[in-house]
$ cat run-v8.txt   # compact mmCIF, C-alpha atoms and all ligand atoms
# COMPACT_ATOMS: atom_id res chain seq x y z
CA MET A 1 11.42 -23.50 10.79
CA GLY A 2 12.52 -23.51 14.46
CA GLY A 3 15.64 -24.95 16.03
CA ARG A 4 19.10 -23.49 16.15
CA VAL A 5 20.00 -20.89 13.53
CA GLY A 6 23.58 -20.59 12.42
CA GLU A 7 25.45 -17.70 10.87
CA VAL A 8 23.34 -15.47 8.63
CA GLU A 9 24.84 -14.52 5.29
CA VAL A 10 23.50 -11.69 3.12
CA ARG A 11 24.21 -12.33 -0.56
CA PRO A 12 22.70 -11.72 -4.01
CA LEU A 13 19.35 -13.44 -4.57
CA VAL A 14 19.66 -16.00 -7.38
CA GLU A 15 17.01 -17.68 -9.50
CA ALA A 16 17.16 -20.90 -7.47
CA ASP A 17 16.10 -18.88 -4.38
CA LEU A 18 12.91 -17.43 -5.84
CA VAL A 19 10.42 -20.03 -4.63
CA ASP A 20 11.77 -19.92 -1.06
CA ALA A 21 12.04 -16.12 -1.03
CA ASP A 22 8.45 -15.85 -2.26
CA ARG A 23 7.27 -18.25 0.47
CA VAL A 24 9.04 -16.28 3.21
CA MET A 25 7.67 -12.99 1.83
CA ARG A 26 4.03 -14.20 1.99
CA LEU A 27 4.47 -15.86 5.37
CA ALA A 28 6.10 -12.75 6.85
CA PHE A 29 3.42 -10.30 5.69
CA GLY A 30 0.57 -12.72 6.35
CA THR A 31 1.83 -13.31 9.89
CA PHE A 32 2.40 -9.62 10.60
CA LEU A 33 -1.10 -8.78 9.32
CA GLY A 34 -2.67 -11.63 11.30
CA LEU A 35 -4.22 -13.43 8.34
CA ALA A 36 -5.97 -16.71 9.18
CA ASP A 37 -3.91 -18.27 6.38
CA PRO A 38 -0.70 -16.23 6.24
CA MET A 39 0.28 -17.77 2.91
CA ALA A 40 -2.84 -16.23 1.34
CA PHE A 41 -1.15 -12.82 1.43
CA LEU A 42 -1.25 -11.10 -1.98
CA GLY A 43 -3.33 -13.89 -3.54
CA ASP A 44 -1.65 -14.80 -6.80
CA GLY A 45 0.08 -11.43 -7.10
CA ASP A 46 3.87 -11.45 -7.34
CA TYR A 47 6.67 -9.23 -6.10
CA VAL A 48 9.66 -11.54 -5.84
CA ARG A 49 10.08 -13.02 -9.30
CA SER A 50 9.13 -9.91 -11.26
CA ARG A 51 11.43 -7.59 -9.27
CA TRP A 52 14.31 -10.07 -9.40
CA THR A 53 13.83 -10.42 -13.18
CA ALA A 54 13.76 -6.63 -13.62
CA ASP A 55 17.09 -6.16 -11.81
CA PRO A 56 18.76 -9.27 -10.34
CA GLY A 57 21.72 -7.20 -9.15
CA ALA A 58 19.49 -5.27 -6.74
CA ALA A 59 17.89 -8.30 -5.06
CA LEU A 60 19.31 -9.67 -1.82
CA ALA A 61 18.85 -12.89 0.13
CA ALA A 62 19.55 -13.61 3.78
CA GLU A 63 20.61 -17.22 4.16
CA ALA A 64 20.93 -19.30 7.33
CA ASP A 65 21.80 -22.99 7.46
CA GLY A 66 21.49 -23.20 3.67
CA ARG A 67 17.96 -21.79 3.65
CA VAL A 68 16.62 -18.45 2.44
CA VAL A 69 15.25 -16.71 5.55
CA GLY A 70 14.73 -13.21 4.17
CA SER A 71 15.05 -10.95 1.16
CA ASN A 72 14.92 -7.37 -0.01
CA PHE A 73 14.73 -5.60 -3.36
CA ALA A 74 16.04 -2.17 -4.34
CA THR A 75 14.48 -0.30 -7.24
CA ARG A 76 16.05 2.55 -9.18
CA TRP A 77 13.84 5.11 -10.91
CA GLY A 78 16.51 7.43 -12.31
CA SER A 79 17.46 9.86 -9.55
CA VAL A 80 14.97 8.22 -7.16
CA GLY A 81 15.21 4.86 -5.41
CA TYR A 82 13.16 2.82 -2.98
CA PHE A 83 13.35 -0.65 -1.50
CA GLY A 84 11.01 -3.47 -0.58
CA PRO A 85 9.43 -5.77 0.06
CA LEU A 86 11.82 -6.41 2.95
CA THR A 87 10.85 -9.63 4.70
CA VAL A 88 12.28 -12.05 7.26
CA HIS A 89 10.93 -15.45 8.28
CA PRO A 90 8.72 -14.86 11.38
CA ALA A 91 10.59 -17.52 13.39
CA LEU A 92 13.68 -15.32 13.13
CA TRP A 93 12.32 -11.85 13.78
CA ASP A 94 14.22 -9.50 16.08
CA ARG A 95 17.61 -11.13 15.53
CA GLY A 96 19.03 -8.38 13.34
CA ILE A 97 18.44 -10.07 9.97
CA ALA A 98 16.51 -7.16 8.42
CA ARG A 99 19.20 -4.80 9.66
CA ARG A 100 21.84 -6.91 7.88
CA LEU A 101 19.78 -6.86 4.66
CA LEU A 102 19.33 -3.09 4.95
CA VAL A 103 23.04 -2.40 5.40
CA ARG A 104 23.74 -4.13 2.08
CA THR A 105 20.67 -2.50 0.45
CA MET A 106 21.96 0.94 1.44
CA GLU A 107 25.34 0.12 -0.12
CA ILE A 108 23.62 -0.72 -3.41
CA MET A 109 21.46 2.42 -3.33
CA ASP A 110 24.35 4.67 -2.29
CA GLY A 111 26.24 3.36 -5.32
CA TRP A 112 23.44 4.67 -7.54
CA ARG A 113 24.09 8.24 -6.37
CA LEU A 114 20.37 8.99 -6.00
CA SER A 115 19.08 12.39 -4.97
CA HIS A 116 15.98 10.97 -3.26
CA THR A 117 15.19 7.65 -1.58
CA GLY A 118 12.22 6.26 0.26
CA LEU A 119 10.04 3.37 1.30
CA PHE A 120 6.43 2.60 2.16
CA THR A 121 5.70 1.00 5.53
CA PHE A 122 3.14 0.36 8.27
CA GLY A 123 2.60 3.63 10.09
CA HIS A 124 1.19 1.91 13.18
CA SER A 125 4.30 -0.20 13.81
CA PRO A 126 6.89 1.32 16.19
CA LYS A 127 9.31 -1.43 15.14
CA HIS A 128 9.13 -0.61 11.44
CA ILE A 129 9.43 3.14 11.97
CA ALA A 130 12.37 2.74 14.40
CA LEU A 131 14.21 0.33 12.10
CA TYR A 132 14.00 2.63 9.09
CA GLN A 133 14.71 5.77 11.09
CA SER A 134 17.97 4.21 12.21
CA PHE A 135 18.99 4.24 8.53
CA GLY A 136 18.13 7.92 8.14
CA PHE A 137 14.58 7.66 6.73
CA LEU A 138 11.94 9.90 8.27
CA PRO A 139 8.16 9.44 8.21
CA ARG A 140 6.38 11.98 6.01
CA PHE A 141 2.83 11.80 4.67
CA LEU A 142 0.18 9.16 4.96
CA THR A 143 0.22 7.07 1.83
CA THR A 144 -2.86 5.19 0.79
CA VAL A 145 -3.55 2.35 -1.55
CA LEU A 146 -7.02 3.08 -2.90
CA SER A 147 -9.24 1.21 -5.29
CA VAL A 148 -12.43 1.68 -7.25
CA PRO A 149 -14.80 -0.79 -8.94
CA VAL A 150 -14.22 -0.85 -12.67
CA SER A 151 -17.22 -0.16 -14.86
CA PRO A 152 -17.43 -0.17 -18.66
CA PRO A 153 -15.89 3.03 -20.08
CA ALA A 154 -18.33 5.92 -20.45
CA ALA A 155 -18.68 7.72 -23.76
CA GLY A 156 -16.05 10.40 -24.14
CA THR A 157 -13.32 8.46 -22.31
CA ALA A 158 -9.90 9.83 -23.18
CA GLN A 159 -8.15 8.54 -26.26
CA TRP A 160 -5.39 6.21 -25.20
CA SER A 161 -3.06 3.64 -26.63
CA THR A 162 -0.61 1.13 -25.20
CA TYR A 163 3.17 0.93 -25.11
CA SER A 164 3.14 -2.70 -26.28
CA ALA A 165 1.40 -1.69 -29.52
CA ASP A 166 3.50 1.42 -30.12
CA PRO A 167 5.77 1.32 -33.19
CA ASP A 168 8.25 3.71 -31.53
CA GLN A 169 8.86 2.36 -28.05
CA ALA A 170 12.21 4.15 -27.69
CA GLY A 171 10.39 7.39 -28.45
CA ARG A 172 7.71 6.66 -25.86
CA LEU A 173 10.34 5.86 -23.21
CA ALA A 174 11.95 9.22 -23.94
CA ASP A 175 8.58 11.02 -23.77
CA CYS A 176 7.73 9.43 -20.42
CA ALA A 177 11.17 10.23 -18.98
CA ALA A 178 10.81 13.83 -20.15
CA LEU A 179 7.41 14.08 -18.43
CA THR A 180 8.63 12.64 -15.11
CA ASP A 181 11.67 14.92 -15.23
CA THR A 182 9.27 17.86 -14.99
CA VAL A 183 7.73 16.33 -11.83
CA TYR A 184 11.10 15.71 -10.16
CA PRO A 185 14.52 16.19 -11.80
CA GLY A 186 15.92 12.89 -13.01
CA LEU A 187 12.87 10.78 -12.11
CA ASP A 188 12.75 8.07 -14.78
CA VAL A 189 10.60 4.93 -14.55
CA SER A 190 11.67 3.43 -17.89
CA ARG A 191 12.56 0.29 -15.98
CA GLU A 192 8.87 -0.20 -15.14
CA LEU A 193 7.67 0.28 -18.72
CA ARG A 194 10.27 -2.20 -19.96
CA ALA A 195 9.62 -4.76 -17.20
CA CYS A 196 5.87 -4.58 -17.79
CA HIS A 197 6.34 -5.16 -21.52
CA GLU A 198 9.16 -7.72 -21.44
CA GLN A 199 7.64 -9.81 -18.62
CA ASP A 200 4.05 -9.39 -19.86
CA LEU A 201 2.89 -7.96 -16.52
CA GLY A 202 0.17 -5.77 -18.05
CA ASP A 203 0.79 -2.71 -20.23
CA THR A 204 1.51 0.99 -20.15
CA VAL A 205 -1.42 3.25 -20.98
CA LEU A 206 -0.43 6.30 -23.04
CA LEU A 207 -2.63 9.38 -23.45
CA ALA A 208 -2.96 10.32 -27.09
CA ASP A 209 -1.35 13.74 -26.73
CA GLY A 210 1.59 12.61 -24.59
CA SER A 211 0.28 14.37 -21.51
CA GLY A 212 0.26 11.28 -19.31
CA PHE A 213 1.11 7.62 -18.97
CA ALA A 214 0.36 4.82 -16.53
CA VAL A 215 2.19 1.52 -16.02
CA CYS A 216 -0.60 -0.92 -15.19
CA HIS A 217 -0.09 -4.40 -13.74
CA VAL A 218 -2.78 -6.98 -14.42
CA GLY A 219 -2.85 -10.74 -14.91
CA PRO A 220 -0.63 -13.69 -13.99
CA GLY A 221 2.91 -12.94 -12.84
CA SER A 222 2.13 -9.27 -12.16
CA GLU A 223 1.95 -7.45 -8.83
CA ALA A 224 -1.85 -7.53 -9.06
CA ASP A 225 -4.02 -10.25 -7.54
CA THR A 226 -6.57 -11.81 -9.90
CA GLY A 227 -9.43 -9.43 -10.61
CA THR A 228 -7.45 -6.29 -9.85
CA CYS A 229 -5.45 -3.94 -12.05
CA VAL A 230 -2.73 -2.10 -10.10
CA VAL A 231 -1.29 1.21 -11.29
CA LYS A 232 2.39 0.71 -10.55
CA PHE A 233 3.28 4.25 -11.62
CA ALA A 234 1.44 7.03 -13.44
CA ALA A 235 2.21 10.66 -14.19
CA ALA A 236 0.32 13.43 -15.92
CA ARG A 237 1.13 17.05 -16.70
CA ALA A 238 -1.83 18.73 -15.01
CA ALA A 239 -5.09 18.08 -13.17
CA THR A 240 -7.22 17.73 -16.30
CA ASP A 241 -4.66 15.36 -17.84
CA PHE A 242 -4.60 13.36 -14.61
CA GLU A 243 -8.38 12.98 -14.64
CA ARG A 244 -8.26 11.77 -18.24
CA LEU A 245 -5.41 9.41 -17.39
CA VAL A 246 -7.29 7.80 -14.49
CA GLY A 247 -10.29 7.37 -16.78
CA ALA A 248 -8.03 5.70 -19.35
CA CYS A 249 -6.67 3.37 -16.65
CA GLU A 250 -10.22 2.39 -15.72
CA ALA A 251 -10.95 1.67 -19.38
CA PHE A 252 -7.75 -0.35 -19.70
CA ALA A 253 -8.60 -2.34 -16.55
CA ALA A 254 -12.07 -3.06 -17.95
CA SER A 255 -10.54 -4.17 -21.26
CA ARG A 256 -8.45 -6.72 -19.32
CA GLY A 257 -11.42 -8.02 -17.36
CA ALA A 258 -10.39 -6.56 -13.99
CA ALA A 259 -13.13 -5.83 -11.46
CA ARG A 260 -11.13 -3.21 -9.51
CA LEU A 261 -8.49 -0.60 -10.24
CA ALA A 262 -5.97 0.07 -7.42
CA ALA A 263 -3.62 3.02 -7.07
CA GLY A 264 -1.08 4.15 -4.47
CA MET A 265 -1.25 7.80 -3.51
CA ASN A 266 0.96 9.82 -1.17
CA THR A 267 -1.49 12.30 0.36
CA ALA A 268 1.09 15.09 0.02
CA ARG A 269 -0.01 15.14 -3.63
CA ARG A 270 -3.07 17.04 -2.51
CA ASP A 271 -4.81 17.62 -5.82
CA ALA A 272 -4.11 14.18 -7.28
CA TYR A 273 -5.48 12.65 -4.05
CA ARG A 274 -8.59 14.83 -4.40
CA VAL A 275 -9.13 13.59 -7.96
CA LEU A 276 -8.99 9.94 -6.90
CA ARG A 277 -11.44 10.52 -4.06
CA GLN A 278 -13.82 12.39 -6.33
CA ARG A 279 -13.71 9.50 -8.78
CA GLY A 280 -14.88 7.14 -6.02
CA PHE A 281 -11.61 5.57 -4.92
CA ASP A 282 -11.65 4.27 -1.32
CA ALA A 283 -8.64 3.38 0.83
CA ASP A 284 -7.83 -0.32 1.21
CA LEU A 285 -4.51 0.21 2.99
CA ILE A 286 -3.09 3.23 4.80
CA GLY A 287 0.62 3.42 5.53
CA VAL A 288 3.31 6.03 5.57
CA SER A 289 6.12 7.00 3.21
CA MET A 290 9.52 7.51 4.78
CA HIS A 291 12.06 9.64 2.94
CA ARG A 292 15.82 10.10 2.98
CA PRO A 293 16.65 12.96 2.87
CA ASP A 294 13.69 14.45 4.73
CA GLU A 295 12.35 16.22 1.62
CA PRO A 296 9.17 15.92 -0.49
CA GLY A 297 10.88 14.42 -3.53
CA TYR A 298 8.09 14.05 -6.06
CA SER A 299 5.37 14.02 -3.39
CA HIS A 300 4.43 17.68 -3.55
CA PRO A 301 1.04 19.38 -4.06
CA ASP A 302 1.53 19.87 -7.81
CA ALA A 303 2.64 16.31 -8.56
CA TYR A 304 0.05 14.40 -10.57
CA VAL A 305 1.61 11.04 -9.82
CA ILE A 306 0.36 7.61 -8.75
CA ASP A 307 2.96 5.17 -7.48
CA ASP A 308 3.31 2.00 -5.52
CA TRP A 309 6.38 1.58 -3.31
CA ARG A 310 5.09 -1.60 -1.69
C1 LIG A 401 9.89 -5.84 9.44
C2 LIG A 401 10.84 -7.04 9.42
C3 LIG A 401 11.44 -7.16 8.02
C4 LIG A 401 11.95 -6.80 10.45
O1 LIG A 401 12.84 -7.90 10.42
P1 LIG A 401 13.72 -8.29 11.71
O2 LIG A 401 14.79 -9.23 11.24
O3 LIG A 401 12.82 -8.76 12.79
O4 LIG A 401 14.34 -6.87 12.12
P2 LIG A 401 15.70 -6.61 12.91
O5 LIG A 401 15.79 -7.59 14.04
O6 LIG A 401 16.86 -6.56 11.99
O7 LIG A 401 15.50 -5.13 13.41
C5 LIG A 401 14.40 -4.78 14.18
C6 LIG A 401 14.75 -3.53 14.96
O8 LIG A 401 13.55 -2.99 15.51
C7 LIG A 401 13.71 -2.87 16.90
N1 LIG A 401 12.39 -3.03 17.48
C8 LIG A 401 11.69 -4.16 17.64
N2 LIG A 401 10.50 -3.88 18.21
C9 LIG A 401 10.47 -2.55 18.41
C10 LIG A 401 9.52 -1.65 18.96
N3 LIG A 401 8.34 -2.08 19.41
N4 LIG A 401 9.81 -0.33 18.99
C11 LIG A 401 11.01 0.13 18.54
N5 LIG A 401 11.95 -0.69 18.00
C12 LIG A 401 11.68 -2.01 17.95
C13 LIG A 401 14.68 -3.96 17.28
O9 LIG A 401 15.29 -3.68 18.52
C14 LIG A 401 15.66 -3.85 16.13
O10 LIG A 401 16.51 -2.73 16.28
P3 LIG A 401 18.07 -2.91 16.73
O11 LIG A 401 18.74 -3.63 15.61
O12 LIG A 401 18.55 -1.50 16.90
O13 LIG A 401 18.03 -3.70 18.01
C15 LIG A 401 10.09 -8.33 9.80
O14 LIG A 401 9.47 -8.14 11.05
C16 LIG A 401 9.07 -8.77 8.79
O15 LIG A 401 9.37 -9.55 7.87
N6 LIG A 401 7.81 -8.30 8.96
C17 LIG A 401 6.71 -8.65 8.07
C18 LIG A 401 6.89 -8.05 6.70
C19 LIG A 401 7.09 -6.55 6.79
O16 LIG A 401 6.36 -5.86 7.49
N7 LIG A 401 8.08 -6.04 6.04
C20 LIG A 401 8.40 -4.64 6.02
C21 LIG A 401 7.46 -3.91 5.18
S1 LIG A 401 7.86 -2.18 5.10
$ encode --input "run-v8.txt" --output "C-alpha cells"
Amino acid sequence: MGGRVGEVEVRPLVEADLVDADRVMRLAFGTFLGLADPMAFLGDGDYVRSRWTADPGAALAAEADGRVVGSNFATRWGSVGYFGPLTVHPALWDRGIARRLLVRTMEIMDGWRLSHTGLFTFGHSPKHIALYQSFGFLPRFLTTVLSVPVSPPAAGTAQWSTYSADPDQAGRLADCAALTDTVYPGLDVSRELRACHEQDLGDTVLLADGSGFAVCHVGPGSEADTGTCVVKFAAARAATDFERLVGACEAFAASRGAARLAAGMNTARRDAYRVLRQRGFDADLIGVSMHRPDEPGYSHPDAYVIDDWR
C-alpha cells in the first residue's frame, strides 16, 4: 500500500469488492496478532463472503483511491445485533477509517430498532476498548473461544438430526426462534440457520425433542478453518439439554471429519461455561464482549447459549 491516501468513502460492500476486503481482513488481523505470515490468519476459514452473502445490505466498505481499505459487517439476530469483523488496512491505521465505518454501521443497526447490541474484541487493547466505548459500548465479561478434540461418539450420545434433512424447515425455524425467545425476548438466529443451509456452510444440529439446536460451521466456505467445526450459535433449554447438545455437536463434528470442535462462550453464562470446561474444552482465545446498553442481554447465568461474535 503506502503513498498518499485520498478521500475515504464509506459505501455498501459489493460482490466485486470481496476478494480485496478478504485480503485486508486477513492482513489486518494477522498484523495485529503478530503472525509471521499475516495472510495466514484464519487459514481457509471465511468471514467476508459468507456474511456478505447472508445480508449484503449490512456490509460496508471503506474505499480510498479506488481501493478497498477496510470493511465491516453488521448482523441482526432478531432483537439483538452485533458487528464485525471490522478491519482496516494496517498502512492506514489511526486515520479515522474505522470510526467512519462505525458511524455508518451504527446507522444501520439503529434502523433495526434492536433492544441489545454488542461486539467481541481484544480485551488487552486500549485502542479497541476506547474506540468502541466512544460509540457507547461497555466492556462486560471475558468471552472465550474454547475447543476440544473430537473423538468418535460414545454409546448413548443424544439423538439428533439435522436441519438440512428436515422435511419441515419452516417448523424448525419457528421452534428455534421460540427457544431463543425464552433466553432473551426477540432473540432469533433464523438468519444463521438459513445461511448455513443455503450456502452449505455446515448444518444445524437439532436435538430430537426440540430442547436444543446448534448451528455448526464446517468445511470450505464456512467460518471454520480446515479440521475444525465451529459452533456459530447454540441454545438449549436447561443444563442437561445443553450437555446433550454439546455431545451432539461433537458427534456431528466427528461425522464431518473435523478434529476439533470450537465454541464461543461469554463467561457470564456461568453454568454453560462450567459444562464446557467439564467436557474438556480449553481456551484458544480470550477476549471481551462489549454491550450497548450496559446490560447482560442473553449473557446471564441461566443462559445455555454458545455464540461467536467474532
Ligand atoms: C481496530 C481497527 C479496525 C481500528 O482501525 P483504525 O482505522 O486504525 O481506527 P480509527 O483511527 O478510526 O480509530 C482509532 C481510535 O482509537 C484511538 N486510539 C489509538 N490508540 C489508542 C490507545 N492506545 N488508547 C486509546 N485510544 C487509542 C485513536 O485515537 C482513535 O480515536 P479518535 O478517533 O477519537 O482519535 C484496526 O486497527 C484493525 O484493523 N485492527 C486489526 C483487526 C482488528 O483488531 N479488528 C477489530 C476486531 S474487534
$ residues_around --input "run-v8.txt" --residues "Arg237 (chain A)" --least-positions-apart "4" --cutoff "8 Å" --atoms "only C-alpha atoms" --output "list of chain:residue names"
A:Leu179, A:Ser211, A:Gly212, A:Asp241, A:Phe242, A:Tyr304
$ residues_around --input "run-v8.txt" --residues "Ser151 (chain A)" --least-positions-apart "5" --cutoff "12 Å" --atoms "only C-alpha atoms" --output "JSON, numbers by chain"
{"A": [247, 248, 249, 250, 251, 252, 253, 254, 255, 256, 257, 258, 259, 260, 261, 279, 280]}
$ residues_near_ligand --input "run-v8.txt" --ligand "ligand LIG 401 (chain A)" --cutoff "6 Å" --atoms "all atoms listed in the file" --output "count of residues only"
21
$ closest_atom_pairs --input "run-v8.txt" --of "region 109-206 of chain A" --to "region 46-55 of chain A" --cutoff "9 Å" --atoms "all atoms listed in the file" --output "JSON lines"
{"residue": "A:Arg191", "atom": "CA", "partner": "A:Ala54", "partner_atom": "CA", "distance": 7.4}
{"residue": "A:Glu192", "atom": "CA", "partner": "A:Ala54", "partner_atom": "CA", "distance": 8.2}
{"residue": "A:Arg194", "atom": "CA", "partner": "A:Ala54", "partner_atom": "CA", "distance": 8.5}
{"residue": "A:Ala195", "atom": "CA", "partner": "A:Ala54", "partner_atom": "CA", "distance": 5.8}
{"residue": "A:Gln199", "atom": "CA", "partner": "A:Ser50", "partner_atom": "CA", "distance": 7.5}
{"residue": "A:Leu201", "atom": "CA", "partner": "A:Ser50", "partner_atom": "CA", "distance": 8.4}
$ axis_aligned_box --input "run-v8.txt" --around "region 226-242 of chain A" --padding-each-side "6 Å" --output "lines of an AutoDock Vina configuration file"
center_x = -3.1
center_y = 3.5
center_z = -13.8
size_x = 24.7
size_y = 42.5
size_z = 20.0
$ atom_distance --input "run-v8.txt" --atom1 "CA of Asp166 (chain A)" --atom2 "CA of Gly219 (chain A)"
20.5 Å
$ atom_distance --input "run-v8.txt" --atom1 "CA of Val218 (chain A)" --atom2 "CA of Thr144 (chain A)"
19.5 Å
$ atom_distance --input "run-v8.txt" --atom1 "CA of Asp200 (chain A)" --atom2 "CA of Val24 (chain A)"
24.6 Å
$ residues_near_point --input "run-v8.txt" --point "(-10.9, 7.3, -0.8)" --cutoff "12 Å" --atoms "only C-alpha atoms" --output "number ranges by chain"
A: 143-148, 262-265, 267, 272-286
$ residues_near_point --input "run-v8.txt" --point "(0.4, -13.1, 3.6)" --cutoff "12 Å" --atoms "only C-alpha atoms" --output "list in words"
Asp22, Arg23, Val24, Met25, Arg26, Leu27, Ala28, Phe29, Gly30, Thr31, Phe32, Leu33, Gly34, Leu35, Ala36, Asp37, Pro38, Met39, Ala40, Phe41, Leu42, Gly43, Asp44, Gly45, Asp46, Thr87, His89 and Pro90 of chain A
$ closest_residue --input "run-v8.txt" --among "A:Cys196, A:Ala91, A:Ile129, A:Ala58" --to "Glu107 (chain A)" --atoms "all atoms listed in the file"
A:Ala58
$ closest_residue --input "run-v8.txt" --among "A:Arg67, A:His291, A:Arg172, A:Arg269" --to "His116 (chain A)" --atoms "all atoms listed in the file"
A:His291
$ closest_residue --input "run-v8.txt" --among "A:Gly210, A:Gly202, A:Pro293, A:Pro152" --to "Cys176 (chain A)" --atoms "only C-alpha atoms"
A:Gly210
$ closest_residue --input "run-v8.txt" --among "A:Leu245, A:Val183, A:Met109, A:Leu193" --to "Leu207 (chain A)" --atoms "all atoms listed in the file"
A:Leu245
$ closest_residue --input "run-v8.txt" --among "A:Leu114, A:Val10, A:Leu206, A:Leu138" --to "Gln169 (chain A)" --atoms "all atoms listed in the file"
A:Leu206
$ residues_around --input "run-v8.txt" --residues "Pro301 (chain A)" --least-positions-apart "3" --cutoff "7 Å" --atoms "all atoms listed in the file" --output "PyMOL selection string"
chain A and resi 268-271
$ residues_around --input "run-v8.txt" --residues "Glu7 (chain A)" --least-positions-apart "4" --cutoff "9 Å" --atoms "only C-alpha atoms" --output "ChimeraX atom specification"
/A:63-65
$ closest_residue --input "run-v8.txt" --among "A:Phe137, A:Phe122, A:Phe83, A:Phe73" --to "Gly287 (chain A)" --atoms "only C-alpha atoms"
A:Phe122
$ decode --input "run-v8.txt" --residues "region 211-224 of chain A" --atoms "N, CA and C atoms" --output "JSON list (two decimals), in the first residue's frame"
[["chain", "number", "residue", "atom", "x", "y", "z"],
["A", 211, "SER", "N", -35.31, -29.65, 22.39],
["A", 211, "SER", "CA", -34.82, -28.90, 23.55],
["A", 211, "SER", "C", -33.48, -28.20, 23.30],
["A", 212, "GLY", "N", -33.00, -28.24, 22.06],
["A", 212, "GLY", "CA", -31.76, -27.54, 21.76],
["A", 212, "GLY", "C", -31.42, -27.63, 20.29],
["A", 213, "PHE", "N", -30.63, -26.66, 19.85],
["A", 213, "PHE", "CA", -30.13, -26.68, 18.47],
["A", 213, "PHE", "C", -28.78, -26.00, 18.42],
["A", 214, "ALA", "N", -28.00, -26.33, 17.40],
["A", 214, "ALA", "CA", -26.67, -25.73, 17.26],
["A", 214, "ALA", "C", -26.35, -25.55, 15.78],
["A", 215, "VAL", "N", -26.07, -24.31, 15.40],
["A", 215, "VAL", "CA", -25.64, -24.01, 14.03],
["A", 215, "VAL", "C", -24.13, -24.25, 13.97],
["A", 216, "CYS", "N", -23.72, -25.25, 13.19],
["A", 216, "CYS", "CA", -22.32, -25.65, 13.17],
["A", 216, "CYS", "C", -21.69, -25.38, 11.80],
["A", 217, "HIS", "N", -20.59, -24.63, 11.81],
["A", 217, "HIS", "CA", -19.85, -24.36, 10.58],
["A", 217, "HIS", "C", -18.72, -25.37, 10.43],
["A", 218, "VAL", "N", -18.62, -25.96, 9.25],
["A", 218, "VAL", "CA", -17.53, -26.88, 8.97],
["A", 218, "VAL", "C", -17.37, -26.98, 7.45],
["A", 219, "GLY", "N", -16.13, -27.07, 7.00],
["A", 219, "GLY", "CA", -15.89, -27.27, 5.57],
["A", 219, "GLY", "C", -15.65, -25.99, 4.80],
["A", 220, "PRO", "N", -15.35, -26.13, 3.50],
["A", 220, "PRO", "CA", -14.98, -24.99, 2.67],
["A", 220, "PRO", "C", -16.05, -23.90, 2.64],
["A", 221, "GLY", "N", -15.60, -22.65, 2.69],
["A", 221, "GLY", "CA", -16.52, -21.52, 2.61],
["A", 221, "GLY", "C", -17.11, -21.12, 3.94],
["A", 222, "SER", "N", -16.94, -21.96, 4.97],
["A", 222, "SER", "CA", -17.52, -21.67, 6.28],
["A", 222, "SER", "C", -16.56, -20.83, 7.12],
["A", 223, "GLU", "N", -17.00, -20.46, 8.32],
["A", 223, "GLU", "CA", -16.13, -19.69, 9.21],
["A", 223, "GLU", "C", -15.06, -20.55, 9.87],
["A", 224, "ALA", "N", -15.11, -21.85, 9.64],
["A", 224, "ALA", "CA", -14.17, -22.77, 10.29],
["A", 224, "ALA", "C", -12.99, -23.09, 9.39]]
